[in-house]
>>> print(open('protein.cif').read())   # mmCIF, N, CA and C atoms
data_entry
loop_
_atom_site.label_atom_id
_atom_site.label_comp_id
_atom_site.auth_asym_id
_atom_site.auth_seq_id
_atom_site.Cartn_x
_atom_site.Cartn_y
_atom_site.Cartn_z
N MET Q 1 0.84 -1.17 0.00
CA MET Q 1 0.00 0.00 0.00
C MET Q 1 0.90 1.24 0.00
N ARG Q 2 0.57 2.17 -0.89
CA ARG Q 2 1.37 3.39 -1.02
C ARG Q 2 0.59 4.59 -0.47
N VAL Q 3 1.30 5.47 0.23
CA VAL Q 3 0.67 6.60 0.89
C VAL Q 3 1.52 7.86 0.76
N VAL Q 4 0.84 8.99 0.58
CA VAL Q 4 1.48 10.30 0.64
C VAL Q 4 1.07 10.91 1.97
N LEU Q 5 2.04 11.42 2.71
CA LEU Q 5 1.76 12.04 4.00
C LEU Q 5 1.88 13.55 3.90
N TYR Q 6 0.84 14.22 4.36
CA TYR Q 6 0.80 15.68 4.35
C TYR Q 6 1.82 16.22 5.36
N THR Q 7 2.23 17.44 5.17
CA THR Q 7 3.26 18.06 6.02
C THR Q 7 2.89 17.99 7.50
N ASN Q 8 1.62 18.28 7.85
CA ASN Q 8 1.26 18.29 9.26
C ASN Q 8 1.37 16.89 9.88
N VAL Q 9 1.20 15.85 9.07
CA VAL Q 9 1.35 14.48 9.56
C VAL Q 9 2.83 14.20 9.83
N LEU Q 10 3.70 14.61 8.91
CA LEU Q 10 5.13 14.42 9.10
C LEU Q 10 5.65 15.20 10.31
N ILE Q 11 5.19 16.44 10.46
CA ILE Q 11 5.61 17.26 11.60
C ILE Q 11 5.18 16.62 12.92
N SER Q 12 3.94 16.17 12.98
CA SER Q 12 3.43 15.53 14.21
C SER Q 12 4.21 14.26 14.54
N ALA Q 13 4.48 13.45 13.52
CA ALA Q 13 5.23 12.21 13.73
C ALA Q 13 6.65 12.51 14.20
N PHE Q 14 7.25 13.55 13.65
CA PHE Q 14 8.62 13.93 13.97
C PHE Q 14 8.72 14.48 15.39
N GLY Q 15 7.78 15.31 15.77
CA GLY Q 15 7.89 16.01 17.04
C GLY Q 15 7.20 15.39 18.23
N TRP Q 16 6.21 14.51 17.97
CA TRP Q 16 5.41 13.99 19.06
C TRP Q 16 5.17 12.49 18.89
N PRO Q 17 6.12 11.67 19.34
CA PRO Q 17 5.98 10.22 19.23
C PRO Q 17 4.75 9.72 19.98
N GLY Q 18 4.15 8.68 19.44
CA GLY Q 18 3.06 8.02 20.14
C GLY Q 18 1.70 8.19 19.52
N GLY Q 19 1.48 9.26 18.77
CA GLY Q 19 0.16 9.49 18.17
C GLY Q 19 -0.05 8.69 16.90
N ASN Q 20 -1.20 8.89 16.29
CA ASN Q 20 -1.51 8.21 15.03
C ASN Q 20 -0.48 8.51 13.95
N GLU Q 21 -0.06 9.77 13.88
CA GLU Q 21 0.91 10.18 12.86
C GLU Q 21 2.23 9.42 13.04
N TYR Q 22 2.67 9.31 14.28
CA TYR Q 22 3.91 8.58 14.58
C TYR Q 22 3.76 7.10 14.18
N GLN Q 23 2.61 6.51 14.50
CA GLN Q 23 2.37 5.11 14.15
C GLN Q 23 2.46 4.90 12.64
N ILE Q 24 1.91 5.84 11.88
CA ILE Q 24 1.92 5.73 10.42
C ILE Q 24 3.35 5.81 9.89
N VAL Q 25 4.10 6.80 10.34
CA VAL Q 25 5.48 6.96 9.88
C VAL Q 25 6.32 5.75 10.30
N HIS Q 26 6.07 5.26 11.50
CA HIS Q 26 6.79 4.08 11.98
C HIS Q 26 6.55 2.88 11.05
N LYS Q 27 5.30 2.73 10.60
CA LYS Q 27 4.99 1.64 9.65
C LYS Q 27 5.70 1.84 8.31
N CYS Q 28 5.88 3.10 7.93
CA CYS Q 28 6.66 3.38 6.72
C CYS Q 28 8.11 2.96 6.90
N PHE Q 29 8.69 3.28 8.07
CA PHE Q 29 10.07 2.90 8.33
C PHE Q 29 10.23 1.38 8.42
N LYS Q 30 9.20 0.68 8.87
CA LYS Q 30 9.24 -0.78 8.94
C LYS Q 30 8.90 -1.40 7.59
N LYS Q 31 8.63 -0.56 6.58
CA LYS Q 31 8.30 -0.98 5.22
C LYS Q 31 7.00 -1.78 5.14
N GLU Q 32 6.12 -1.53 6.10
CA GLU Q 32 4.79 -2.13 6.06
C GLU Q 32 3.87 -1.30 5.16
N VAL Q 33 4.25 -0.05 4.98
CA VAL Q 33 3.54 0.89 4.12
C VAL Q 33 4.61 1.61 3.30
N GLU Q 34 4.35 1.82 2.01
CA GLU Q 34 5.31 2.50 1.16
C GLU Q 34 5.02 4.00 1.14
N LEU Q 35 5.98 4.78 1.58
CA LEU Q 35 5.85 6.24 1.58
C LEU Q 35 6.19 6.78 0.20
N VAL Q 36 5.30 7.59 -0.33
CA VAL Q 36 5.52 8.28 -1.61
C VAL Q 36 5.64 9.76 -1.30
N CYS Q 37 6.66 10.39 -1.84
CA CYS Q 37 6.79 11.84 -1.66
C CYS Q 37 7.50 12.43 -2.88
N SER Q 38 7.56 13.74 -2.89
CA SER Q 38 8.24 14.46 -3.97
C SER Q 38 9.22 15.43 -3.34
N PRO Q 39 10.16 15.93 -4.13
CA PRO Q 39 11.08 16.94 -3.59
C PRO Q 39 10.33 18.15 -3.00
N GLU Q 40 9.20 18.51 -3.60
CA GLU Q 40 8.42 19.66 -3.11
C GLU Q 40 7.85 19.39 -1.72
N ILE Q 41 7.44 18.16 -1.47
CA ILE Q 41 6.91 17.80 -0.15
C ILE Q 41 8.02 17.85 0.90
N ILE Q 42 9.18 17.30 0.56
CA ILE Q 42 10.32 17.32 1.48
C ILE Q 42 10.72 18.77 1.78
N GLU Q 43 10.75 19.60 0.74
CA GLU Q 43 11.12 21.00 0.92
C GLU Q 43 10.12 21.71 1.84
N GLU Q 44 8.83 21.46 1.65
CA GLU Q 44 7.84 22.09 2.52
C GLU Q 44 7.98 21.61 3.96
N PHE Q 45 8.22 20.31 4.15
CA PHE Q 45 8.44 19.80 5.50
C PHE Q 45 9.60 20.54 6.17
N GLU Q 46 10.70 20.68 5.44
CA GLU Q 46 11.87 21.35 6.01
C GLU Q 46 11.56 22.79 6.39
N GLN Q 47 10.88 23.52 5.51
CA GLN Q 47 10.53 24.91 5.78
C GLN Q 47 9.64 25.04 7.01
N VAL Q 48 8.65 24.16 7.12
CA VAL Q 48 7.75 24.21 8.28
C VAL Q 48 8.48 23.80 9.56
N ALA Q 49 9.28 22.75 9.49
CA ALA Q 49 10.01 22.27 10.67
C ALA Q 49 10.99 23.31 11.21
N LEU Q 50 11.48 24.17 10.33
CA LEU Q 50 12.43 25.20 10.75
C LEU Q 50 11.77 26.40 11.44
N ARG Q 51 10.45 26.46 11.44
CA ARG Q 51 9.77 27.57 12.10
C ARG Q 51 10.13 27.58 13.58
N PRO Q 52 10.42 28.77 14.11
CA PRO Q 52 10.87 28.87 15.51
C PRO Q 52 9.92 28.23 16.53
N LYS Q 53 8.62 28.22 16.26
CA LYS Q 53 7.68 27.66 17.24
C LYS Q 53 7.91 26.19 17.53
N PHE Q 54 8.53 25.47 16.62
CA PHE Q 54 8.75 24.04 16.81
C PHE Q 54 10.01 23.73 17.60
N GLU Q 55 10.99 24.59 17.55
CA GLU Q 55 12.24 24.41 18.31
C GLU Q 55 12.98 23.12 17.96
N PHE Q 56 12.88 22.68 16.69
CA PHE Q 56 13.66 21.54 16.24
C PHE Q 56 15.02 22.06 15.79
N SER Q 57 16.06 21.29 16.03
CA SER Q 57 17.38 21.70 15.55
C SER Q 57 17.52 21.35 14.08
N VAL Q 58 18.42 22.06 13.40
CA VAL Q 58 18.70 21.78 11.99
C VAL Q 58 19.20 20.35 11.84
N GLU Q 59 20.00 19.90 12.79
CA GLU Q 59 20.54 18.54 12.73
C GLU Q 59 19.43 17.50 12.84
N GLU Q 60 18.47 17.72 13.75
CA GLU Q 60 17.35 16.79 13.90
C GLU Q 60 16.52 16.73 12.62
N ILE Q 61 16.27 17.89 12.04
CA ILE Q 61 15.48 17.96 10.81
C ILE Q 61 16.20 17.25 9.67
N ASP Q 62 17.49 17.55 9.52
CA ASP Q 62 18.28 16.91 8.45
C ASP Q 62 18.32 15.39 8.61
N GLU Q 63 18.45 14.93 9.84
CA GLU Q 63 18.50 13.50 10.11
C GLU Q 63 17.17 12.83 9.74
N PHE Q 64 16.05 13.48 10.09
CA PHE Q 64 14.74 12.93 9.78
C PHE Q 64 14.52 12.90 8.27
N ILE Q 65 14.89 13.98 7.59
CA ILE Q 65 14.74 14.02 6.13
C ILE Q 65 15.58 12.93 5.47
N SER Q 66 16.82 12.75 5.93
CA SER Q 66 17.67 11.70 5.38
C SER Q 66 17.05 10.32 5.57
N ALA Q 67 16.48 10.10 6.74
CA ALA Q 67 15.83 8.82 7.02
C ALA Q 67 14.61 8.62 6.11
N LEU Q 68 13.83 9.68 5.93
CA LEU Q 68 12.67 9.59 5.03
C LEU Q 68 13.11 9.26 3.61
N LEU Q 69 14.14 9.94 3.15
CA LEU Q 69 14.60 9.74 1.77
C LEU Q 69 15.13 8.33 1.54
N GLU Q 70 15.64 7.69 2.60
CA GLU Q 70 16.13 6.31 2.47
C GLU Q 70 15.00 5.33 2.23
N ILE Q 71 13.82 5.61 2.77
CA ILE Q 71 12.71 4.65 2.66
C ILE Q 71 11.66 5.04 1.64
N ALA Q 72 11.65 6.31 1.25
CA ALA Q 72 10.56 6.82 0.41
C ALA Q 72 10.76 6.52 -1.07
N ASN Q 73 9.64 6.42 -1.76
CA ASN Q 73 9.63 6.39 -3.21
C ASN Q 73 9.47 7.85 -3.63
N VAL Q 74 10.57 8.48 -3.99
CA VAL Q 74 10.54 9.90 -4.36
C VAL Q 74 10.19 10.01 -5.84
N VAL Q 75 9.10 10.71 -6.13
CA VAL Q 75 8.62 10.84 -7.50
C VAL Q 75 8.80 12.27 -7.99
N GLN Q 76 8.94 12.39 -9.30
CA GLN Q 76 8.97 13.69 -9.97
C GLN Q 76 7.69 13.77 -10.81
N PRO Q 77 6.65 14.37 -10.28
CA PRO Q 77 5.37 14.37 -11.01
C PRO Q 77 5.45 15.04 -12.39
N ASP Q 78 4.86 14.36 -13.38
CA ASP Q 78 4.76 14.91 -14.73
C ASP Q 78 3.52 15.79 -14.86
N GLU Q 79 2.49 15.44 -14.09
CA GLU Q 79 1.24 16.20 -14.13
C GLU Q 79 1.14 17.08 -12.89
N HIS Q 80 0.60 18.27 -13.09
CA HIS Q 80 0.40 19.20 -11.97
C HIS Q 80 -1.06 19.63 -11.99
N PHE Q 81 -1.74 19.34 -10.89
CA PHE Q 81 -3.17 19.55 -10.81
C PHE Q 81 -3.52 20.87 -10.12
N SER Q 82 -4.74 21.29 -10.32
CA SER Q 82 -5.25 22.53 -9.70
C SER Q 82 -6.58 22.25 -9.02
N ALA Q 83 -6.67 21.15 -8.32
CA ALA Q 83 -7.93 20.74 -7.70
C ALA Q 83 -8.19 21.43 -6.37
N VAL Q 84 -7.12 21.84 -5.68
CA VAL Q 84 -7.28 22.50 -4.38
C VAL Q 84 -7.24 24.00 -4.62
N ILE Q 85 -8.42 24.57 -4.76
CA ILE Q 85 -8.54 25.99 -5.12
C ILE Q 85 -8.23 26.89 -3.93
N GLN Q 86 -8.69 26.50 -2.72
CA GLN Q 86 -8.52 27.34 -1.54
C GLN Q 86 -7.05 27.48 -1.13
N ASP Q 87 -6.23 26.48 -1.40
CA ASP Q 87 -4.81 26.52 -1.06
C ASP Q 87 -4.03 25.79 -2.14
N PRO Q 88 -3.71 26.49 -3.24
CA PRO Q 88 -3.04 25.84 -4.38
C PRO Q 88 -1.74 25.12 -4.03
N THR Q 89 -1.07 25.50 -2.94
CA THR Q 89 0.18 24.82 -2.58
C THR Q 89 -0.09 23.36 -2.18
N ASP Q 90 -1.33 23.04 -1.82
CA ASP Q 90 -1.66 21.66 -1.46
C ASP Q 90 -1.73 20.73 -2.66
N ASN Q 91 -1.78 21.28 -3.86
CA ASN Q 91 -1.85 20.44 -5.05
C ASN Q 91 -0.63 19.55 -5.21
N LYS Q 92 0.50 19.92 -4.61
CA LYS Q 92 1.71 19.10 -4.71
C LYS Q 92 1.48 17.69 -4.17
N PHE Q 93 0.57 17.56 -3.19
CA PHE Q 93 0.28 16.24 -2.62
C PHE Q 93 -0.52 15.38 -3.59
N LEU Q 94 -1.43 16.02 -4.32
CA LEU Q 94 -2.17 15.30 -5.37
C LEU Q 94 -1.22 14.89 -6.49
N ASP Q 95 -0.33 15.81 -6.88
CA ASP Q 95 0.65 15.53 -7.93
C ASP Q 95 1.47 14.28 -7.58
N ALA Q 96 1.99 14.26 -6.34
CA ALA Q 96 2.83 13.14 -5.91
C ALA Q 96 2.03 11.85 -5.81
N ALA Q 97 0.80 11.93 -5.30
CA ALA Q 97 -0.01 10.73 -5.14
C ALA Q 97 -0.32 10.08 -6.48
N VAL Q 98 -0.67 10.89 -7.47
CA VAL Q 98 -0.97 10.35 -8.80
C VAL Q 98 0.30 9.79 -9.44
N ALA Q 99 1.39 10.54 -9.36
CA ALA Q 99 2.66 10.08 -9.96
C ALA Q 99 3.16 8.80 -9.31
N GLY Q 100 2.97 8.70 -7.99
CA GLY Q 100 3.46 7.53 -7.26
C GLY Q 100 2.46 6.42 -7.11
N LYS Q 101 1.30 6.57 -7.77
CA LYS Q 101 0.24 5.55 -7.72
C LYS Q 101 -0.13 5.19 -6.27
N ALA Q 102 -0.24 6.23 -5.44
CA ALA Q 102 -0.61 6.03 -4.04
C ALA Q 102 -2.10 5.72 -3.93
N GLN Q 103 -2.44 4.97 -2.92
CA GLN Q 103 -3.85 4.68 -2.65
C GLN Q 103 -4.46 5.73 -1.71
N PHE Q 104 -3.60 6.36 -0.90
CA PHE Q 104 -4.08 7.29 0.11
C PHE Q 104 -3.20 8.53 0.21
N ILE Q 105 -3.83 9.64 0.54
CA ILE Q 105 -3.15 10.82 1.07
C ILE Q 105 -3.66 10.95 2.50
N VAL Q 106 -2.75 11.00 3.45
CA VAL Q 106 -3.14 11.14 4.85
C VAL Q 106 -2.83 12.58 5.27
N SER Q 107 -3.88 13.26 5.73
CA SER Q 107 -3.76 14.68 5.99
C SER Q 107 -4.69 15.13 7.11
N GLY Q 108 -4.33 16.21 7.75
CA GLY Q 108 -5.21 16.87 8.69
C GLY Q 108 -5.72 18.18 8.11
N ASP Q 109 -5.41 18.44 6.85
CA ASP Q 109 -5.75 19.70 6.20
C ASP Q 109 -7.16 19.63 5.61
N LYS Q 110 -8.02 20.56 6.03
CA LYS Q 110 -9.42 20.51 5.60
C LYS Q 110 -9.59 20.73 4.10
N HIS Q 111 -8.69 21.50 3.47
CA HIS Q 111 -8.83 21.73 2.03
C HIS Q 111 -8.69 20.42 1.25
N LEU Q 112 -7.74 19.60 1.67
CA LEU Q 112 -7.57 18.30 1.02
C LEU Q 112 -8.66 17.32 1.46
N LEU Q 113 -8.95 17.29 2.74
CA LEU Q 113 -9.95 16.34 3.25
C LEU Q 113 -11.32 16.57 2.63
N ASN Q 114 -11.64 17.82 2.31
CA ASN Q 114 -12.93 18.12 1.68
C ASN Q 114 -13.06 17.50 0.29
N ILE Q 115 -11.93 17.24 -0.37
CA ILE Q 115 -11.96 16.62 -1.70
C ILE Q 115 -12.35 15.14 -1.59
N LYS Q 116 -11.94 14.50 -0.50
CA LYS Q 116 -12.25 13.09 -0.18
C LYS Q 116 -11.56 12.06 -1.08
N GLU Q 117 -11.59 12.29 -2.39
CA GLU Q 117 -10.93 11.35 -3.31
C GLU Q 117 -10.55 12.11 -4.58
N PHE Q 118 -9.38 11.76 -5.12
CA PHE Q 118 -8.91 12.40 -6.35
C PHE Q 118 -8.24 11.35 -7.20
N ARG Q 119 -8.79 11.12 -8.38
CA ARG Q 119 -8.25 10.13 -9.32
C ARG Q 119 -7.99 8.78 -8.66
N GLY Q 120 -8.92 8.36 -7.84
CA GLY Q 120 -8.81 7.07 -7.17
C GLY Q 120 -8.00 7.07 -5.90
N VAL Q 121 -7.43 8.21 -5.53
CA VAL Q 121 -6.64 8.32 -4.30
C VAL Q 121 -7.57 8.83 -3.19
N LYS Q 122 -7.73 8.05 -2.14
CA LYS Q 122 -8.57 8.46 -1.02
C LYS Q 122 -7.79 9.43 -0.13
N ILE Q 123 -8.46 10.48 0.33
CA ILE Q 123 -7.83 11.49 1.19
C ILE Q 123 -8.51 11.38 2.56
N ILE Q 124 -7.73 10.92 3.55
CA ILE Q 124 -8.28 10.63 4.87
C ILE Q 124 -7.39 11.17 5.99
N THR Q 125 -7.95 11.18 7.19
CA THR Q 125 -7.21 11.66 8.36
C THR Q 125 -6.27 10.56 8.87
N PRO Q 126 -5.31 10.94 9.71
CA PRO Q 126 -4.44 9.93 10.31
C PRO Q 126 -5.22 8.86 11.09
N ALA Q 127 -6.24 9.28 11.84
CA ALA Q 127 -7.03 8.31 12.61
C ALA Q 127 -7.73 7.32 11.68
N GLU Q 128 -8.27 7.82 10.57
CA GLU Q 128 -8.92 6.93 9.61
C GLU Q 128 -7.92 5.96 8.98
N PHE Q 129 -6.70 6.45 8.69
CA PHE Q 129 -5.69 5.59 8.08
C PHE Q 129 -5.22 4.50 9.05
N VAL Q 130 -5.10 4.84 10.32
CA VAL Q 130 -4.73 3.83 11.33
C VAL Q 130 -5.80 2.74 11.36
N LYS Q 131 -7.07 3.11 11.22
CA LYS Q 131 -8.14 2.11 11.18
C LYS Q 131 -8.01 1.22 9.94
N VAL Q 132 -7.66 1.84 8.80
CA VAL Q 132 -7.43 1.05 7.58
C VAL Q 132 -6.31 0.04 7.82
N LEU Q 133 -5.23 0.50 8.42
CA LEU Q 133 -4.08 -0.37 8.67
C LEU Q 133 -4.44 -1.49 9.65
N SER Q 134 -5.21 -1.19 10.67
CA SER Q 134 -5.56 -2.23 11.65
C SER Q 134 -6.51 -3.27 11.03
N GLY Q 135 -7.24 -2.87 10.01
CA GLY Q 135 -8.12 -3.81 9.31
C GLY Q 135 -7.37 -4.75 8.39
N MET Q 136 -6.10 -4.46 8.14
CA MET Q 136 -5.29 -5.27 7.21
C MET Q 136 -4.64 -6.46 7.89
N LYS Q 137 -4.67 -6.52 9.21
CA LYS Q 137 -3.95 -7.59 9.94
C LYS Q 137 -4.58 -8.93 9.73
#
>>> encode(input="protein.cif", output="structure tokens")
Amino acid sequence: MRVVLYTNVLISAFGWPGGNEYQIVHKCFKKEVELVCSPEIIEEFEQVALRPKFEFSVEEIDEFISALLEIANVVQPDEHFSAVIQDPTDNKFLDAAVAGKAQFIVSGDKHLLNIKEFRGVKIITPAEFVKVLSGMK
């Protein structure tokens, strides 16, 4: 199963172990779920993680990104969509999901969640994705 993780999911997993987001990323590291991302997603994660409110060190961020890149299927999308009108920067997640043939985008962002599904890719919350994963056992 292939999944694209929204920036807020990656930030939560990185900064706060134990929650649904952490469980999802942990399953990616265990290769139980295939993480799909693009350079644009990694770049956005880095920019957000560097915000002073998070108090993450550059070294911690770089180490997490390196670990993600070791396990992720990094795609270079050929198609660029404009489905998220309220926040066009969110389209990068649709681009990566379609290019990487992901089944899910996991997000806490209402602009994406309101779409529900795009080109066969389901857009769900971390809690919903954990339920999907627990149903696979």
>>> residues_around(input="protein.cif", residues="stretch 106-119 of chain Q", least_positions_apart="4", cutoff="8 Å", atoms="all atoms listed in the file", output="short mmCIF file (atom, residue, chain, number, x, y, z; two decimals) with N, CA and C atoms, keeping the file's coordinate frame")
data_model
loop_
_atom_site.label_atom_id
_atom_site.label_comp_id
_atom_site.auth_asym_id
_atom_site.auth_seq_id
_atom_site.Cartn_x
_atom_site.Cartn_y
_atom_site.Cartn_z
N VAL Q 3 1.30 5.47 0.23
CA VAL Q 3 0.67 6.60 0.89
C VAL Q 3 1.52 7.86 0.76
N VAL Q 4 0.84 8.99 0.58
CA VAL Q 4 1.48 10.30 0.64
C VAL Q 4 1.07 10.91 1.97
N LEU Q 5 2.04 11.42 2.71
CA LEU Q 5 1.76 12.04 4.00
C LEU Q 5 1.88 13.55 3.90
N TYR Q 6 0.84 14.22 4.36
CA TYR Q 6 0.80 15.68 4.35
C TYR Q 6 1.82 16.22 5.36
N THR Q 7 2.23 17.44 5.17
CA THR Q 7 3.26 18.06 6.02
C THR Q 7 2.89 17.99 7.50
N ASN Q 8 1.62 18.28 7.85
CA ASN Q 8 1.26 18.29 9.26
C ASN Q 8 1.37 16.89 9.88
N VAL Q 9 1.20 15.85 9.07
CA VAL Q 9 1.35 14.48 9.56
C VAL Q 9 2.83 14.20 9.83
N LEU Q 10 3.70 14.61 8.91
CA LEU Q 10 5.13 14.42 9.10
C LEU Q 10 5.65 15.20 10.31
N ALA Q 83 -6.67 21.15 -8.32
CA ALA Q 83 -7.93 20.74 -7.70
C ALA Q 83 -8.19 21.43 -6.37
N VAL Q 84 -7.12 21.84 -5.68
CA VAL Q 84 -7.28 22.50 -4.38
C VAL Q 84 -7.24 24.00 -4.62
N ILE Q 85 -8.42 24.57 -4.76
CA ILE Q 85 -8.54 25.99 -5.12
C ILE Q 85 -8.23 26.89 -3.93
N GLN Q 86 -8.69 26.50 -2.72
CA GLN Q 86 -8.52 27.34 -1.54
C GLN Q 86 -7.05 27.48 -1.13
N ASP Q 87 -6.23 26.48 -1.40
CA ASP Q 87 -4.81 26.52 -1.06
C ASP Q 87 -4.03 25.79 -2.14
N ASP Q 90 -1.33 23.04 -1.82
CA ASP Q 90 -1.66 21.66 -1.46
C ASP Q 90 -1.73 20.73 -2.66
N LEU Q 94 -1.43 16.02 -4.32
CA LEU Q 94 -2.17 15.30 -5.37
C LEU Q 94 -1.22 14.89 -6.49
N VAL Q 98 -0.67 10.89 -7.47
CA VAL Q 98 -0.97 10.35 -8.80
C VAL Q 98 0.30 9.79 -9.44
N ILE Q 123 -8.46 10.48 0.33
CA ILE Q 123 -7.83 11.49 1.19
C ILE Q 123 -8.51 11.38 2.56
N ILE Q 124 -7.73 10.92 3.55
CA ILE Q 124 -8.28 10.63 4.87
C ILE Q 124 -7.39 11.17 5.99
N THR Q 125 -7.95 11.18 7.19
CA THR Q 125 -7.21 11.66 8.36
C THR Q 125 -6.27 10.56 8.87
N PRO Q 126 -5.31 10.94 9.71
CA PRO Q 126 -4.44 9.93 10.31
C PRO Q 126 -5.22 8.86 11.09
N ALA Q 127 -6.24 9.28 11.84
CA ALA Q 127 -7.03 8.31 12.61
C ALA Q 127 -7.73 7.32 11.68
N PHE Q 129 -6.70 6.45 8.69
CA PHE Q 129 -5.69 5.59 8.08
C PHE Q 129 -5.22 4.50 9.05
#
>>> select_by_dssp(input="protein.cif", residues="chain Q", states="alpha helix (DSSP H)", output="ChimeraX atom specification")
/Q:7-15,20-29,39-49,58-71,91-99,110-113,126-134
>>> closest_residue(input="protein.cif", among="Q:Ala72, Q:Asn20, Q:Val25, Q:Val36", to="Q:Arg2", atoms="only C-alpha atoms")
Q:Val36
>>> atom_distance(input="protein.cif", atom1="atom CA of Q:Leu35", atom2="atom CA of Q:Asn73")
6.1 Å
>>> resolve_selection(input="protein.cif", expression="the PyMOL selection byres ((chain Q and resi 45) around 8)", output="list in words")
Tyr6, Thr7, Asn8, Leu10, Ile11, Pro39, Glu40, Ile41, Ile42, Glu43, Glu44, Glu46, Gln47, Val48, Ala49, Leu50, Arg51 and Ile61 of chain Q
>>> residues_around(input="protein.cif", residues="Q:Ala97", least_positions_apart="5", cutoff="7 Å", atoms="all atoms listed in the file", output="NGL selection string")
:Q and (3-4 or 36-37 or 92 or 102-105 or 121)
>>> select_by_dssp(input="protein.cif", residues="chain Q", states="strand (DSSP E or B)", output="ChimeraX atom specification")
/Q:2-5,34-37,73-74,104-106,117-118,121-124
>>> write_last_selection(input="protein.cif", atoms="N, CA and C atoms", output="PDB file, keeping the file's coordinate frame")
ATOM      1  N   ARG Q   2       0.570   2.170  -0.890  1.00  0.00           N
ATOM      2  CA  ARG Q   2       1.370   3.390  -1.020  1.00  0.00           C
ATOM      3  C   ARG Q   2       0.590   4.590  -0.470  1.00  0.00           C
ATOM      4  N   VAL Q   3       1.300   5.470   0.230  1.00  0.00           N
ATOM      5  CA  VAL Q   3       0.670   6.600   0.890  1.00  0.00           C
ATOM      6  C   VAL Q   3       1.520   7.860   0.760  1.00  0.00           C
ATOM      7  N   VAL Q   4       0.840   8.990   0.580  1.00  0.00           N
ATOM      8  CA  VAL Q   4       1.480  10.300   0.640  1.00  0.00           C
ATOM      9  C   VAL Q   4       1.070  10.910   1.970  1.00  0.00           C
ATOM     10  N   LEU Q   5       2.040  11.420   2.710  1.00  0.00           N
ATOM     11  CA  LEU Q   5       1.760  12.040   4.000  1.00  0.00           C
ATOM     12  C   LEU Q   5       1.880  13.550   3.900  1.00  0.00           C
ATOM     13  N   GLU Q  34       4.350   1.820   2.010  1.00  0.00           N
ATOM     14  CA  GLU Q  34       5.310   2.500   1.160  1.00  0.00           C
ATOM     15  C   GLU Q  34       5.020   4.000   1.140  1.00  0.00           C
ATOM     16  N   LEU Q  35       5.980   4.780   1.580  1.00  0.00           N
ATOM     17  CA  LEU Q  35       5.850   6.240   1.580  1.00  0.00           C
ATOM     18  C   LEU Q  35       6.190   6.780   0.200  1.00  0.00           C
ATOM     19  N   VAL Q  36       5.300   7.590  -0.330  1.00  0.00           N
ATOM     20  CA  VAL Q  36       5.520   8.280  -1.610  1.00  0.00           C
ATOM     21  C   VAL Q  36       5.640   9.760  -1.300  1.00  0.00           C
ATOM     22  N   CYS Q  37       6.660  10.390  -1.840  1.00  0.00           N
ATOM     23  CA  CYS Q  37       6.790  11.840  -1.660  1.00  0.00           C
ATOM     24  C   CYS Q  37       7.500  12.430  -2.880  1.00  0.00           C
ATOM     25  N   ASN Q  73       9.640   6.420  -1.760  1.00  0.00           N
ATOM     26  CA  ASN Q  73       9.630   6.390  -3.210  1.00  0.00           C
ATOM     27  C   ASN Q  73       9.470   7.850  -3.630  1.00  0.00           C
ATOM     28  N   VAL Q  74      10.570   8.480  -3.990  1.00  0.00           N
ATOM     29  CA  VAL Q  74      10.540   9.900  -4.360  1.00  0.00           C
ATOM     30  C   VAL Q  74      10.190  10.010  -5.840  1.00  0.00           C
ATOM     31  N   PHE Q 104      -3.600   6.360  -0.900  1.00  0.00           N
ATOM     32  CA  PHE Q 104      -4.080   7.290   0.110  1.00  0.00           C
ATOM     33  C   PHE Q 104      -3.200   8.530   0.210  1.00  0.00           C
ATOM     34  N   ILE Q 105      -3.830   9.640   0.540  1.00  0.00           N
ATOM     35  CA  ILE Q 105      -3.150  10.820   1.070  1.00  0.00           C
ATOM     36  C   ILE Q 105      -3.660  10.950   2.500  1.00  0.00           C
ATOM     37  N   VAL Q 106      -2.750  11.000   3.450  1.00  0.00           N
ATOM     38  CA  VAL Q 106      -3.140  11.140   4.850  1.00  0.00           C
ATOM     39  C   VAL Q 106      -2.830  12.580   5.270  1.00  0.00           C
ATOM     40  N   GLU Q 117     -11.590  12.290  -2.390  1.00  0.00           N
ATOM     41  CA  GLU Q 117     -10.930  11.350  -3.310  1.00  0.00           C
ATOM     42  C   GLU Q 117     -10.550  12.110  -4.580  1.00  0.00           C
ATOM     43  N   PHE Q 118      -9.380  11.760  -5.120  1.00  0.00           N
ATOM     44  CA  PHE Q 118      -8.910  12.400  -6.350  1.00  0.00           C
ATOM     45  C   PHE Q 118      -8.240  11.350  -7.200  1.00  0.00           C
ATOM     46  N   VAL Q 121      -7.430   8.210  -5.530  1.00  0.00           N
ATOM     47  CA  VAL Q 121      -6.640   8.320  -4.300  1.00  0.00           C
ATOM     48  C   VAL Q 121      -7.570   8.830  -3.190  1.00  0.00           C
ATOM     49  N   LYS Q 122      -7.730   8.050  -2.140  1.00  0.00           N
ATOM     50  CA  LYS Q 122      -8.570   8.460  -1.020  1.00  0.00           C
ATOM     51  C   LYS Q 122      -7.790   9.430  -0.130  1.00  0.00           C
ATOM     52  N   ILE Q 123      -8.460  10.480   0.330  1.00  0.00           N
ATOM     53  CA  ILE Q 123      -7.830  11.490   1.190  1.00  0.00           C
ATOM     54  C   ILE Q 123      -8.510  11.380   2.560  1.00  0.00           C
ATOM     55  N   ILE Q 124      -7.730  10.920   3.550  1.00  0.00           N
ATOM     56  CA  ILE Q 124      -8.280  10.630   4.870  1.00  0.00           C
ATOM     57  C   ILE Q 124      -7.390  11.170   5.990  1.00  0.00           C
TER      58      ILE Q 124
END
>>> resolve_selection(input="protein.cif", expression="the PyMOL selection byres (((chain Q and resi 71 and name CA) around 8) and name CA)", output="ChimeraX atom specification")
/Q:28-29,31,34-35,67-70,72-73
>>> atom_distance(input="protein.cif", atom1="atom CA of Q:Val33", atom2="atom CA of Q:Asp95")
19.2 Å
>>> atom_distance(input="protein.cif", atom1="atom N of Q:Ser12", atom2="atom N of Q:Ala99")
23.2 Å
